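K.L.:
Quick one: this structure, given as structure tokens, is what I'll be asking you about.
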Amino acid sequence: MIKDCGGKWVILGHSERRHVFGECDELIGQKVAHALEAGLGVIACIGEKLDEREGGSTEAVVFAQTKVIAANVKKWDHVVLAYEPVWAIGTGKTATPQQAQEIHHKIRKWLKDHVSEEVSKSVRIIYGGWYAQGGVHRASPPPPVSFPEPSSPPPVCRGRGGADKTLHSS
């Protein structure tokens, strides 16, 4: 249906799908496989809730989500990982650039250890959490990433009031 409408990318694993509709990691992994097989690019959301962050299980949660996604990906050139800390969406709390960079680096290390060094260096990881109007530049870590494929998704995030802000990925 997405392709019939001209869509080229799909967002899977968004926090609302996980926590409101109860989609489990395994279902999201299956959706990732299906979307890739159908020729769609996948923006796969991963991230922890506030109680998980405060409980010290950020890495365990994010790595478990990433593991199921990775198990369903054969080629990573049409996959973007979106670190979406659920605790930073609509709560008034925002991840600092240091917090986002820390988990991005840990995700890259996990990918190196469990997938491949090549994937760890090449996969795009973006920040998909909440930001306050005007705060996107503080929350998005430089430097900007160039997207060599013309079919790549634009690094843009829609903020409150419809303001588009260019994002950077790590």
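Identifiers in the structure tokens: chain A, B, ... in order shown; residue index from 1 per chain; ligand index from 1 in order shown.
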Where does segment 47-70 of chain A meet segment 2-25 of chain A within 8 Å, residue by residue, with the nearest atom pair and distance in Å to one decimal for each, counting only C-alpha atoms, listed by chain and rising number, as a Markdown table?
P.N.:
| residue | atom | partner | partner_atom | distance |
| --- | --- | --- | --- | --- |
| A:Gly47 | CA | A:Ser15 | CA | 7.7 |
| A:Ala64 | CA | A:Asp25 | CA | 8.0 |
| A:Gln65 | CA | A:Asp25 | CA | 5.9 |
| A:Val68 | CA | A:Asp25 | CA | 6.4 |
| A:Ile69 | CA | A:Asp25 | CA | 8.0 |
K.L.:
Set the distance at 10 Å and use only C-alpha atoms: which residues neighbour Val115 of chain A once local chain neighbours fewer than 5 positions away are removed? I'd like the list as a list of chain:residue names.
P.N.:
A:Lys67, A:Ala70, A:Ala71, A:Val73, A:Arg108, A:Lys109, A:Trp110, A:Ser120
K.L.:
Pick out the residues sitting within 6 Å of segment 81-92 of chain A, and hand them over as a ChimeraX atom specification; count only C-alpha atoms, and ignore anything fewer than 3 positions along from it in its own chain.
P.N.:
/A:43-50,125-130
K.L.:
Hey, can you spit out that residue selection with all heavy atoms as a compact mmCIF listing (two decimals), in the first residue's frame?
P.N.:
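Ended up saving to out-v2.txt:
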# COMPACT_ATOMS: atom_id res chain seq x y z
N ILE A 43 13.17 3.15 8.16
CA ILE A 43 13.66 3.94 9.28
C ILE A 43 13.16 3.20 10.52
O ILE A 43 11.96 3.20 10.80
CB ILE A 43 13.15 5.39 9.25
CG1 ILE A 43 13.59 6.07 7.95
CG2 ILE A 43 13.65 6.16 10.47
CD1 ILE A 43 12.96 7.42 7.70
N ALA A 44 14.08 2.52 11.19
CA ALA A 44 13.72 1.67 12.33
C ALA A 44 13.98 2.43 13.63
O ALA A 44 15.10 2.81 13.92
CB ALA A 44 14.52 0.38 12.30
N CYS A 45 12.92 2.63 14.40
CA CYS A 45 13.02 3.36 15.65
C CYS A 45 13.40 2.41 16.79
O CYS A 45 12.84 1.32 16.92
CB CYS A 45 11.70 4.03 15.98
SG CYS A 45 11.15 5.22 14.74
N ILE A 46 14.33 2.88 17.60
CA ILE A 46 14.74 2.15 18.80
C ILE A 46 14.86 3.16 19.93
O ILE A 46 15.19 4.32 19.69
CB ILE A 46 16.09 1.42 18.59
CG1 ILE A 46 17.16 2.39 18.09
CG2 ILE A 46 15.92 0.25 17.62
CD1 ILE A 46 18.54 1.78 17.94
N GLY A 47 14.56 2.74 21.15
CA GLY A 47 14.69 3.67 22.27
C GLY A 47 13.99 3.16 23.51
O GLY A 47 13.11 2.31 23.44
N GLU A 48 14.39 3.73 24.62
CA GLU A 48 13.92 3.29 25.92
C GLU A 48 12.93 4.27 26.54
O GLU A 48 12.94 5.45 26.23
CB GLU A 48 15.11 3.08 26.86
CG GLU A 48 15.69 4.35 27.46
CD GLU A 48 16.57 5.19 26.53
OE1 GLU A 48 16.56 4.98 25.30
OE2 GLU A 48 17.23 6.10 27.04
N LYS A 49 12.09 3.74 27.45
CA LYS A 49 11.16 4.55 28.22
C LYS A 49 11.91 5.14 29.43
O LYS A 49 13.02 4.72 29.75
CB LYS A 49 9.97 3.71 28.68
CG LYS A 49 9.14 3.19 27.53
CD LYS A 49 7.92 2.42 28.01
CE LYS A 49 8.34 1.11 28.64
NZ LYS A 49 7.25 0.25 29.04
N LEU A 50 11.27 6.09 30.10
CA LEU A 50 11.89 6.77 31.23
C LEU A 50 12.27 5.80 32.35
O LEU A 50 13.38 5.86 32.86
CB LEU A 50 10.96 7.87 31.77
CG LEU A 50 11.52 8.70 32.92
CD1 LEU A 50 12.80 9.43 32.51
CD2 LEU A 50 10.47 9.71 33.40
N ILE A 125 22.51 6.70 11.67
CA ILE A 125 21.81 6.71 12.94
C ILE A 125 21.40 8.15 13.19
O ILE A 125 22.25 9.04 13.20
CB ILE A 125 22.69 6.20 14.10
CG1 ILE A 125 23.21 4.79 13.81
CG2 ILE A 125 21.89 6.23 15.41
CD1 ILE A 125 24.20 4.28 14.85
N ILE A 126 20.10 8.36 13.37
CA ILE A 126 19.61 9.71 13.60
C ILE A 126 18.96 9.79 14.97
O ILE A 126 18.63 8.78 15.58
CB ILE A 126 18.61 10.14 12.50
CG1 ILE A 126 17.37 9.23 12.47
CG2 ILE A 126 19.30 10.17 11.13
CD1 ILE A 126 16.27 9.69 11.53
N TYR A 127 18.78 11.00 15.46
CA TYR A 127 18.08 11.24 16.71
C TYR A 127 16.61 11.46 16.37
O TYR A 127 16.28 12.32 15.57
CB TYR A 127 18.66 12.46 17.42
CG TYR A 127 17.93 12.82 18.69
CD1 TYR A 127 18.11 12.09 19.85
CD2 TYR A 127 17.04 13.88 18.71
CE1 TYR A 127 17.44 12.42 21.00
CE2 TYR A 127 16.36 14.22 19.87
CZ TYR A 127 16.56 13.48 21.01
OH TYR A 127 15.89 13.79 22.15
N GLY A 128 15.75 10.68 16.99
CA GLY A 128 14.32 10.78 16.71
C GLY A 128 13.50 11.21 17.90
O GLY A 128 12.31 10.99 17.93
N GLY A 129 14.14 11.82 18.89
CA GLY A 129 13.41 12.22 20.09
C GLY A 129 12.83 13.60 19.99
O GLY A 129 12.88 14.27 18.96
N TRP A 130 12.28 14.03 21.05
CA TRP A 130 11.61 15.32 21.17
C TRP A 130 12.63 16.44 21.20
O TRP A 130 13.72 16.30 21.73
CB TRP A 130 10.81 15.32 22.46
CG TRP A 130 10.07 16.57 22.71
CD1 TRP A 130 10.43 17.59 23.52
CD2 TRP A 130 8.80 16.93 22.16
NE1 TRP A 130 9.47 18.56 23.49
CE2 TRP A 130 8.46 18.18 22.67
CE3 TRP A 130 7.94 16.32 21.26
CZ2 TRP A 130 7.29 18.84 22.33
CZ3 TRP A 130 6.77 16.98 20.93
CH2 TRP A 130 6.45 18.21 21.46
K.L.:
Pick out the closest residue to Val80 of chain A from this set: A:Asp113, A:Ala95, A:Thr66, A:Ala60. Count only C-alpha atoms.
P.N.:
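Between A:Asp113, A:Ala95, A:Thr66, A:Ala60, the residue approaching Val80 of chain A most closely is A:Thr66.
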K.L.:
As an exercise, work out the distance from atom CA of His34 of chain A to atom CA of Ile103 of chain A in Å and give it to one decimal place.
P.N.:
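Straight-line distance from atom CA of His34 of chain A to atom CA of Ile103 of chain A works out to 27.2 Å.
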